[in-house]
Amino acid sequence: MDRPDPTLRASVTMTAAGLAAVWLRGLGSRERTAERRLFVFPHAGAGASAYRLAPYLPDTVEVCTVQLPGRETRFAEPALTSLDEAVAALAPHIADHTDLPYAFFGHSMGSLIAFETARRLRALGMCLPDRLFLSGMRAPGLPDRDPRHTLSDEKLLATAEFGGVDAELQELLLPLLRADLTLCETYQHRAEAPLPCPLTVLAGSDDDSVDGTELADWHKHTSADFALHLFPGAPHLYVRGAERQLAETITRTFPARG
């Protein structure tokens with residue numbers, strides 16, 4: 001039997017590493033100092049650059065932010081509209097980088113993707129996150145209050161939170177937002193055993209998209225520790241401008257050595 005060509009094997013490895021870097025922005029950024037990793041899953045309509053947690057975390061924590069197709073550096077790619085497809089594509093890249101202790105942080109749509117990615121990793125027999133930080137999203141299995149993915153462009157724009165983006169760019173981003181809302185609002189939760197990972201659920205106290213009962217219901221999805229933390233006076237997108245406080249909250253329960 002012919003032996004594998006070492007040059008080809010190295011090429012395949014480099015290709016896999018390059019693809020992982022497309023999905024995981026920040027991968028390898030603290031290669032010399034990292035003792036843990038924090039994988040960050042953005043909210044609907046957002047890309048990896050919307051989250052700037054790394055400057056507020058110790059250099060012993062490498063922050064890897066998920067860059068889904070259809071945004072920023074991947075704008076030319078079609079956005080995904082199925083949560084199952086997103087998790088199936090993403091999970092292998094994370095599975096290849098669980099050599100360090102790690103945690104997940106997801107906000108809104110990102111919470112659902114983080115949760116289902118953890119369940120996919122369990123199904124693959126992989127090492128699971130030390131903790132899941134799930135923010136601004138009701139627990140899986142609870143109904144959406146006001147589904148928006150089928151609204152007209154005009155009505156969807158009126159409900160969108162683009163954070164000061166000019167009108168022309170808003171219209172350009174609208175198909176991405178609709179795709180992300182479709183991903184969230186067509187998600188079908190499947191009953192499984194609770195995850196053995198501790199959960200910290202986060203939200204702004206003034207977030208009118210989710211209430212305390214919907215947040216507390218996440219406790220059903222873990223067989224380990226559960227905590228609920230509200231940021232006083234904060235709206236749904238509290239993560240913009242509250243990176244320092246958020247990083248401090250994460251660090252308290254996901255301590256970095258060194």
# chains A, B, ... in the order shown; residues from 1 in each chain; ligands from 1

call {"tool": "residues_around", "arguments": {"residues": "Phe133 in chain A", "least_positions_apart": "2", "cutoff": "7 Å", "atoms": "only C-alpha atoms", "output": "list in words"}}
result
Phe104, Phe105, Gly106, Arg131, Ser135, Leu199, Thr200 and Val201 of chain A

call {"tool": "write_last_selection", "arguments": {"atoms": "all heavy atoms", "output": "short mmCIF file (atom, residue, chain, number, x, y, z; two decimals), in the first residue's frame"}}
result
data_model
loop_
_atom_site.label_atom_id
_atom_site.label_comp_id
_atom_site.auth_asym_id
_atom_site.auth_seq_id
_atom_site.Cartn_x
_atom_site.Cartn_y
_atom_site.Cartn_z
N PHE A 104 -18.38 29.20 25.98
CA PHE A 104 -19.15 29.85 24.92
C PHE A 104 -19.82 31.09 25.48
O PHE A 104 -20.34 31.08 26.61
CB PHE A 104 -20.26 28.93 24.40
CG PHE A 104 -19.81 27.81 23.51
CD1 PHE A 104 -20.71 26.79 23.17
CD2 PHE A 104 -18.52 27.73 23.01
CE1 PHE A 104 -20.32 25.74 22.34
CE2 PHE A 104 -18.11 26.69 22.19
CZ PHE A 104 -19.02 25.70 21.84
N PHE A 105 -19.85 32.17 24.69
CA PHE A 105 -20.72 33.31 24.96
C PHE A 105 -21.54 33.58 23.71
O PHE A 105 -20.99 33.78 22.62
CB PHE A 105 -19.94 34.58 25.32
CG PHE A 105 -20.83 35.81 25.33
CD1 PHE A 105 -21.70 36.04 26.39
CD2 PHE A 105 -20.83 36.70 24.26
CE1 PHE A 105 -22.55 37.14 26.38
CE2 PHE A 105 -21.68 37.80 24.25
CZ PHE A 105 -22.54 38.03 25.31
N GLY A 106 -22.85 33.58 23.85
CA GLY A 106 -23.73 33.90 22.74
C GLY A 106 -24.76 34.92 23.15
O GLY A 106 -25.24 34.90 24.29
N ARG A 131 -18.30 26.29 30.55
CA ARG A 131 -19.51 27.01 30.90
C ARG A 131 -20.09 27.65 29.64
O ARG A 131 -19.35 28.01 28.74
CB ARG A 131 -19.24 28.09 31.95
CG ARG A 131 -20.47 28.87 32.42
CD ARG A 131 -20.14 29.78 33.58
NE ARG A 131 -19.93 29.05 34.81
CZ ARG A 131 -20.87 28.80 35.72
NH1 ARG A 131 -22.12 29.21 35.53
NH2 ARG A 131 -20.59 28.13 36.82
N SER A 135 -27.05 34.87 26.48
CA SER A 135 -27.50 36.23 26.74
C SER A 135 -28.67 36.64 25.86
O SER A 135 -28.70 36.35 24.66
CB SER A 135 -26.31 37.17 26.49
OG SER A 135 -26.70 38.51 26.50
N LEU A 199 -24.53 26.78 33.24
CA LEU A 199 -25.06 27.87 32.42
C LEU A 199 -25.11 29.16 33.23
O LEU A 199 -25.58 29.16 34.37
CB LEU A 199 -26.48 27.55 31.93
CG LEU A 199 -26.76 26.31 31.10
CD1 LEU A 199 -28.20 26.33 30.62
CD2 LEU A 199 -25.80 26.19 29.93
N THR A 200 -24.64 30.23 32.63
CA THR A 200 -24.88 31.57 33.15
C THR A 200 -25.71 32.30 32.12
O THR A 200 -25.29 32.48 30.98
CB THR A 200 -23.56 32.33 33.39
OG1 THR A 200 -22.80 31.68 34.40
CG2 THR A 200 -23.85 33.77 33.83
N VAL A 201 -26.92 32.70 32.51
CA VAL A 201 -27.83 33.40 31.61
C VAL A 201 -27.78 34.88 31.94
O VAL A 201 -27.85 35.28 33.11
CB VAL A 201 -29.25 32.83 31.74
CG1 VAL A 201 -30.25 33.66 30.95
CG2 VAL A 201 -29.27 31.38 31.25
#

call {"tool": "select_by_dssp", "arguments": {"residues": "range 51-237 of chain A", "states": "strand (DSSP E or B)", "output": "number ranges by chain"}}
result
A: 61-66, 102-107, 131-135, 195, 199-204, 222, 226-231

call {"tool": "residues_around", "arguments": {"residues": "range 175-177 of chain A", "least_positions_apart": "3", "cutoff": "10 Å", "atoms": "only C-alpha atoms", "output": "PyMOL selection string"}}
result
chain A and resi 43-46+69-71+75+78-81+148-149+153+156-157+160-162+170-172+180-183

call {"tool": "closest_residue", "arguments": {"among": "A:Arg138, A:Lys220, A:Arg74, A:Arg244", "to": "Met109 in chain A", "atoms": "only C-alpha atoms"}}
result
A:Arg138

call {"tool": "closest_residue", "arguments": {"among": "A:Ala191, A:Phe39, A:Ala48, A:Ser82", "to": "Ala114 in chain A", "atoms": "only C-alpha atoms"}}
result
A:Phe39

call {"tool": "closest_atom_pairs", "arguments": {"of": "range 55-155 of chain A", "to": "range 23-36 of chain A", "cutoff": "12 Å", "atoms": "only C-alpha atoms", "output": "JSON lines"}}
result
{"residue": "A:Pro55", "atom": "CA", "partner": "A:Arg30", "partner_atom": "CA", "distance": 11.7}
{"residue": "A:Leu57", "atom": "CA", "partner": "A:Arg36", "partner_atom": "CA", "distance": 11.0}
{"residue": "A:Pro58", "atom": "CA", "partner": "A:Ala34", "partner_atom": "CA", "distance": 9.0}
{"residue": "A:Asp59", "atom": "CA", "partner": "A:Thr33", "partner_atom": "CA", "distance": 6.1}
{"residue": "A:Thr60", "atom": "CA", "partner": "A:Ala34", "partner_atom": "CA", "distance": 4.2}
{"residue": "A:Val61", "atom": "CA", "partner": "A:Arg36", "partner_atom": "CA", "distance": 4.9}
{"residue": "A:Glu62", "atom": "CA", "partner": "A:Ala34", "partner_atom": "CA", "distance": 5.5}
{"residue": "A:Val63", "atom": "CA", "partner": "A:Gly26", "partner_atom": "CA", "distance": 6.1}
{"residue": "A:Cys64", "atom": "CA", "partner": "A:Gly26", "partner_atom": "CA", "distance": 4.7}
{"residue": "A:Thr65", "atom": "CA", "partner": "A:Arg25", "partner_atom": "CA", "distance": 5.1}
{"residue": "A:Val66", "atom": "CA", "partner": "A:Leu24", "partner_atom": "CA", "distance": 4.8}
{"residue": "A:Gln67", "atom": "CA", "partner": "A:Trp23", "partner_atom": "CA", "distance": 4.9}
{"residue": "A:Leu68", "atom": "CA", "partner": "A:Trp23", "partner_atom": "CA", "distance": 6.4}
{"residue": "A:Pro69", "atom": "CA", "partner": "A:Trp23", "partner_atom": "CA", "distance": 8.3}
{"residue": "A:Gly70", "atom": "CA", "partner": "A:Trp23", "partner_atom": "CA", "distance": 11.6}
{"residue": "A:Arg71", "atom": "CA", "partner": "A:Trp23", "partner_atom": "CA", "distance": 11.3}
{"residue": "A:Glu72", "atom": "CA", "partner": "A:Arg25", "partner_atom": "CA", "distance": 11.2}
{"residue": "A:Thr73", "atom": "CA", "partner": "A:Arg25", "partner_atom": "CA", "distance": 10.0}
{"residue": "A:Arg74", "atom": "CA", "partner": "A:Trp23", "partner_atom": "CA", "distance": 9.2}
{"residue": "A:Ala86", "atom": "CA", "partner": "A:Trp23", "partner_atom": "CA", "distance": 10.8}
{"residue": "A:Val87", "atom": "CA", "partner": "A:Trp23", "partner_atom": "CA", "distance": 11.6}
{"residue": "A:Ala89", "atom": "CA", "partner": "A:Trp23", "partner_atom": "CA", "distance": 9.2}
{"residue": "A:Leu90", "atom": "CA", "partner": "A:Trp23", "partner_atom": "CA", "distance": 7.2}
{"residue": "A:Ala91", "atom": "CA", "partner": "A:Trp23", "partner_atom": "CA", "distance": 10.2}
{"residue": "A:Pro92", "atom": "CA", "partner": "A:Trp23", "partner_atom": "CA", "distance": 10.5}
{"residue": "A:His93", "atom": "CA", "partner": "A:Trp23", "partner_atom": "CA", "distance": 7.6}
{"residue": "A:Ile94", "atom": "CA", "partner": "A:Leu24", "partner_atom": "CA", "distance": 8.2}
{"residue": "A:Ala95", "atom": "CA", "partner": "A:Leu24", "partner_atom": "CA", "distance": 11.8}
{"residue": "A:Asp96", "atom": "CA", "partner": "A:Leu24", "partner_atom": "CA", "distance": 11.4}
{"residue": "A:His97", "atom": "CA", "partner": "A:Leu27", "partner_atom": "CA", "distance": 8.9}
{"residue": "A:Thr98", "atom": "CA", "partner": "A:Arg36", "partner_atom": "CA", "distance": 9.2}
{"residue": "A:Asp99", "atom": "CA", "partner": "A:Arg36", "partner_atom": "CA", "distance": 8.9}
{"residue": "A:Leu100", "atom": "CA", "partner": "A:Arg36", "partner_atom": "CA", "distance": 5.3}
{"residue": "A:Pro101", "atom": "CA", "partner": "A:Arg36", "partner_atom": "CA", "distance": 5.0}
{"residue": "A:Tyr102", "atom": "CA", "partner": "A:Arg36", "partner_atom": "CA", "distance": 5.4}
{"residue": "A:Ala103", "atom": "CA", "partner": "A:Arg36", "partner_atom": "CA", "distance": 8.1}
{"residue": "A:Phe104", "atom": "CA", "partner": "A:Arg36", "partner_atom": "CA", "distance": 11.2}
{"residue": "A:Pro129", "atom": "CA", "partner": "A:Arg36", "partner_atom": "CA", "distance": 10.5}
{"residue": "A:Asp130", "atom": "CA", "partner": "A:Arg36", "partner_atom": "CA", "distance": 9.9}
{"residue": "A:Arg131", "atom": "CA", "partner": "A:Arg36", "partner_atom": "CA", "distance": 11.8}

call {"tool": "write_last_selection", "arguments": {"atoms": "N, CA and C atoms", "output": "short mmCIF file (atom, residue, chain, number, x, y, z; two decimals), in the first residue's frame"}}
result
data_model
loop_
_atom_site.label_atom_id
_atom_site.label_comp_id
_atom_site.auth_asym_id
_atom_site.auth_seq_id
_atom_site.Cartn_x
_atom_site.Cartn_y
_atom_site.Cartn_z
N PRO A 55 -10.03 42.99 24.27
CA PRO A 55 -9.24 43.98 25.00
C PRO A 55 -9.52 44.03 26.49
N LEU A 57 -10.28 41.26 28.36
CA LEU A 57 -9.99 39.96 28.98
C LEU A 57 -8.48 39.77 29.08
N PRO A 58 -8.01 39.00 30.06
CA PRO A 58 -6.57 38.76 30.20
C PRO A 58 -6.00 38.09 28.95
N ASP A 59 -4.70 38.26 28.72
CA ASP A 59 -4.11 37.66 27.52
C ASP A 59 -4.00 36.15 27.63
N THR A 60 -4.43 35.59 28.76
CA THR A 60 -4.50 34.15 28.91
C THR A 60 -5.79 33.57 28.33
N VAL A 61 -6.69 34.44 27.89
CA VAL A 61 -7.94 34.02 27.25
C VAL A 61 -7.91 34.44 25.78
N GLU A 62 -7.97 33.47 24.88
CA GLU A 62 -8.05 33.77 23.45
C GLU A 62 -9.52 33.83 23.05
N VAL A 63 -9.92 34.97 22.48
CA VAL A 63 -11.30 35.18 22.07
C VAL A 63 -11.44 34.85 20.59
N CYS A 64 -12.31 33.90 20.28
CA CYS A 64 -12.56 33.48 18.90
C CYS A 64 -14.03 33.77 18.59
N THR A 65 -14.27 34.74 17.74
CA THR A 65 -15.64 35.15 17.43
C THR A 65 -16.11 34.51 16.14
N VAL A 66 -17.27 33.89 16.20
CA VAL A 66 -17.83 33.18 15.04
C VAL A 66 -18.19 34.19 13.95
N GLN A 67 -17.70 33.92 12.73
CA GLN A 67 -18.06 34.72 11.57
C GLN A 67 -18.89 33.85 10.63
N LEU A 68 -20.21 34.02 10.69
CA LEU A 68 -21.10 33.24 9.84
C LEU A 68 -21.07 33.78 8.41
N PRO A 69 -21.45 32.97 7.43
CA PRO A 69 -21.52 33.46 6.05
C PRO A 69 -22.51 34.62 5.91
N GLY A 70 -22.23 35.50 4.93
CA GLY A 70 -23.15 36.57 4.60
C GLY A 70 -22.87 37.90 5.23
N ARG A 71 -21.76 38.01 6.01
CA ARG A 71 -21.47 39.26 6.69
C ARG A 71 -19.97 39.56 6.67
N GLU A 72 -19.67 40.85 6.69
CA GLU A 72 -18.29 41.32 6.78
C GLU A 72 -17.37 40.62 5.78
N THR A 73 -16.36 39.90 6.26
CA THR A 73 -15.40 39.24 5.37
C THR A 73 -16.02 38.12 4.56
N ARG A 74 -17.26 37.71 4.90
CA ARG A 74 -17.94 36.64 4.18
C ARG A 74 -19.22 37.15 3.52
N ALA A 86 -26.23 25.66 10.18
CA ALA A 86 -25.18 26.49 10.76
C ALA A 86 -24.35 25.69 11.76
N VAL A 87 -25.03 24.95 12.62
CA VAL A 87 -24.33 24.16 13.63
C VAL A 87 -23.52 23.04 12.99
N ALA A 89 -22.12 23.02 10.11
CA ALA A 89 -20.93 23.58 9.47
C ALA A 89 -19.92 24.09 10.49
N LEU A 90 -20.40 24.64 11.59
CA LEU A 90 -19.53 25.28 12.57
C LEU A 90 -18.89 24.32 13.56
N ALA A 91 -19.66 23.35 14.04
CA ALA A 91 -19.20 22.49 15.13
C ALA A 91 -17.85 21.81 14.86
N PRO A 92 -17.59 21.29 13.66
CA PRO A 92 -16.29 20.64 13.43
C PRO A 92 -15.10 21.58 13.62
N HIS A 93 -15.26 22.86 13.27
CA HIS A 93 -14.15 23.81 13.43
C HIS A 93 -13.87 24.07 14.91
N ILE A 94 -14.93 24.15 15.70
CA ILE A 94 -14.74 24.31 17.14
C ILE A 94 -14.18 23.03 17.75
N ALA A 95 -14.68 21.89 17.29
CA ALA A 95 -14.19 20.60 17.81
C ALA A 95 -12.69 20.45 17.63
N ASP A 96 -12.15 21.02 16.57
CA ASP A 96 -10.71 20.94 16.30
C ASP A 96 -9.90 21.87 17.19
N HIS A 97 -10.57 22.70 17.99
CA HIS A 97 -9.85 23.66 18.82
C HIS A 97 -10.33 23.64 20.26
N THR A 98 -10.52 22.41 20.75
CA THR A 98 -10.92 22.22 22.15
C THR A 98 -9.75 21.67 22.97
N ASP A 99 -8.54 21.96 22.49
CA ASP A 99 -7.34 21.50 23.21
C ASP A 99 -7.13 22.27 24.50
N LEU A 100 -7.71 23.46 24.60
CA LEU A 100 -7.65 24.26 25.82
C LEU A 100 -9.03 24.28 26.48
N PRO A 101 -9.07 24.46 27.80
CA PRO A 101 -10.38 24.67 28.43
C PRO A 101 -11.08 25.85 27.75
N TYR A 102 -12.39 25.76 27.56
CA TYR A 102 -13.06 26.80 26.80
C TYR A 102 -14.48 27.02 27.29
N ALA A 103 -15.03 28.17 26.88
CA ALA A 103 -16.41 28.51 27.21
C ALA A 103 -17.05 29.14 25.97
N PHE A 104 -18.38 29.20 25.98
CA PHE A 104 -19.15 29.85 24.92
C PHE A 104 -19.82 31.09 25.48
N PRO A 129 -17.78 22.58 26.68
CA PRO A 129 -17.37 23.85 27.30
C PRO A 129 -17.40 23.78 28.82
N ASP A 130 -16.50 24.54 29.44
CA ASP A 130 -16.53 24.66 30.90
C ASP A 130 -17.80 25.35 31.37
N ARG A 131 -18.30 26.29 30.55
CA ARG A 131 -19.51 27.01 30.90
C ARG A 131 -20.09 27.65 29.64
#

call {"tool": "closest_residue", "arguments": {"among": "A:Ser111, A:Ser205, A:Thr251, A:Ser152", "to": "Leu132 in chain A", "atoms": "only C-alpha atoms"}}
result
A:Ser111

call {"tool": "atom_distance", "arguments": {"atom1": "CA of Gly125 in chain A", "atom2": "CA of Ala21 in chain A"}}
result
22.9 Å

call {"tool": "atom_distance", "arguments": {"atom1": "CA of Ile113 in chain A", "atom2": "CA of Ala227 in chain A"}}
result
19.5 Å

call {"tool": "select_by_dssp", "arguments": {"residues": "range 29-228 of chain A", "states": "helix (DSSP H, G or I)", "output": "PyMOL selection string"}}
result
chain A and resi 48-50+54-56+72-74+83-95+109-123+153-159+167-185+212-221

call {"tool": "residues_around", "arguments": {"residues": "Glu214 in chain A", "least_positions_apart": "2", "cutoff": "10 Å", "atoms": "only C-alpha atoms", "output": "PDB file with N, CA and C atoms, in the first residue's frame"}}
result
ATOM      1  N   GLY A 136     -29.632  37.333  26.475  1.00  0.00           N
ATOM      2  CA  GLY A 136     -30.684  38.015  25.732  1.00  0.00           C
ATOM      3  C   GLY A 136     -31.579  37.120  24.899  1.00  0.00           C
ATOM      4  N   MET A 137     -31.814  35.898  25.336  1.00  0.00           N
ATOM      5  CA  MET A 137     -32.651  34.967  24.560  1.00  0.00           C
ATOM      6  C   MET A 137     -33.455  34.085  25.501  1.00  0.00           C
ATOM      7  N   ARG A 138     -34.719  33.906  25.160  1.00  0.00           N
ATOM      8  CA  ARG A 138     -35.565  32.998  25.939  1.00  0.00           C
ATOM      9  C   ARG A 138     -35.063  31.567  25.777  1.00  0.00           C
ATOM     10  N   ALA A 139     -35.406  30.709  26.710  1.00  0.00           N
ATOM     11  CA  ALA A 139     -34.950  29.325  26.676  1.00  0.00           C
ATOM     12  C   ALA A 139     -35.542  28.578  25.480  1.00  0.00           C
ATOM     13  N   PRO A 140     -34.823  27.596  24.963  1.00  0.00           N
ATOM     14  CA  PRO A 140     -35.329  26.799  23.835  1.00  0.00           C
ATOM     15  C   PRO A 140     -36.658  26.135  24.181  1.00  0.00           C
ATOM     16  N   LEU A 142     -39.571  27.579  24.083  1.00  0.00           N
ATOM     17  CA  LEU A 142     -40.594  28.593  24.339  1.00  0.00           C
ATOM     18  C   LEU A 142     -40.944  29.291  23.024  1.00  0.00           C
ATOM     19  N   PRO A 143     -42.195  29.688  22.845  1.00  0.00           N
ATOM     20  CA  PRO A 143     -42.607  30.276  21.551  1.00  0.00           C
ATOM     21  C   PRO A 143     -42.042  31.669  21.341  1.00  0.00           C
ATOM     22  N   SER A 209     -37.571  42.236  25.048  1.00  0.00           N
ATOM     23  CA  SER A 209     -37.771  41.089  24.166  1.00  0.00           C
ATOM     24  C   SER A 209     -37.813  39.775  24.939  1.00  0.00           C
ATOM     25  N   VAL A 210     -37.503  39.820  26.227  1.00  0.00           N
ATOM     26  CA  VAL A 210     -37.461  38.595  27.033  1.00  0.00           C
ATOM     27  C   VAL A 210     -37.726  38.964  28.484  1.00  0.00           C
ATOM     28  N   ASP A 211     -38.403  38.083  29.208  1.00  0.00           N
ATOM     29  CA  ASP A 211     -38.669  38.386  30.618  1.00  0.00           C
ATOM     30  C   ASP A 211     -37.962  37.382  31.529  1.00  0.00           C
ATOM     31  N   GLY A 212     -38.064  37.631  32.824  1.00  0.00           N
ATOM     32  CA  GLY A 212     -37.342  36.816  33.789  1.00  0.00           C
ATOM     33  C   GLY A 212     -37.729  35.350  33.769  1.00  0.00           C
ATOM     34  N   ALA A 216     -35.167  32.374  33.121  1.00  0.00           N
ATOM     35  CA  ALA A 216     -34.978  31.360  34.163  1.00  0.00           C
ATOM     36  C   ALA A 216     -35.242  29.950  33.643  1.00  0.00           C
ATOM     37  N   ASP A 217     -36.051  29.837  32.574  1.00  0.00           N
ATOM     38  CA  ASP A 217     -36.392  28.523  32.035  1.00  0.00           C
ATOM     39  C   ASP A 217     -35.178  27.792  31.459  1.00  0.00           C
ATOM     40  N   TRP A 218     -34.077  28.524  31.239  1.00  0.00           N
ATOM     41  CA  TRP A 218     -32.837  27.870  30.775  1.00  0.00           C
ATOM     42  C   TRP A 218     -32.333  26.834  31.784  1.00  0.00           C
TER      43      TRP A 218
END

call {"tool": "closest_residue", "arguments": {"among": "A:Leu121, A:Ala50, A:Ala88, A:Leu19", "to": "Arg240 in chain A", "atoms": "only C-alpha atoms"}}
result
A:Ala50
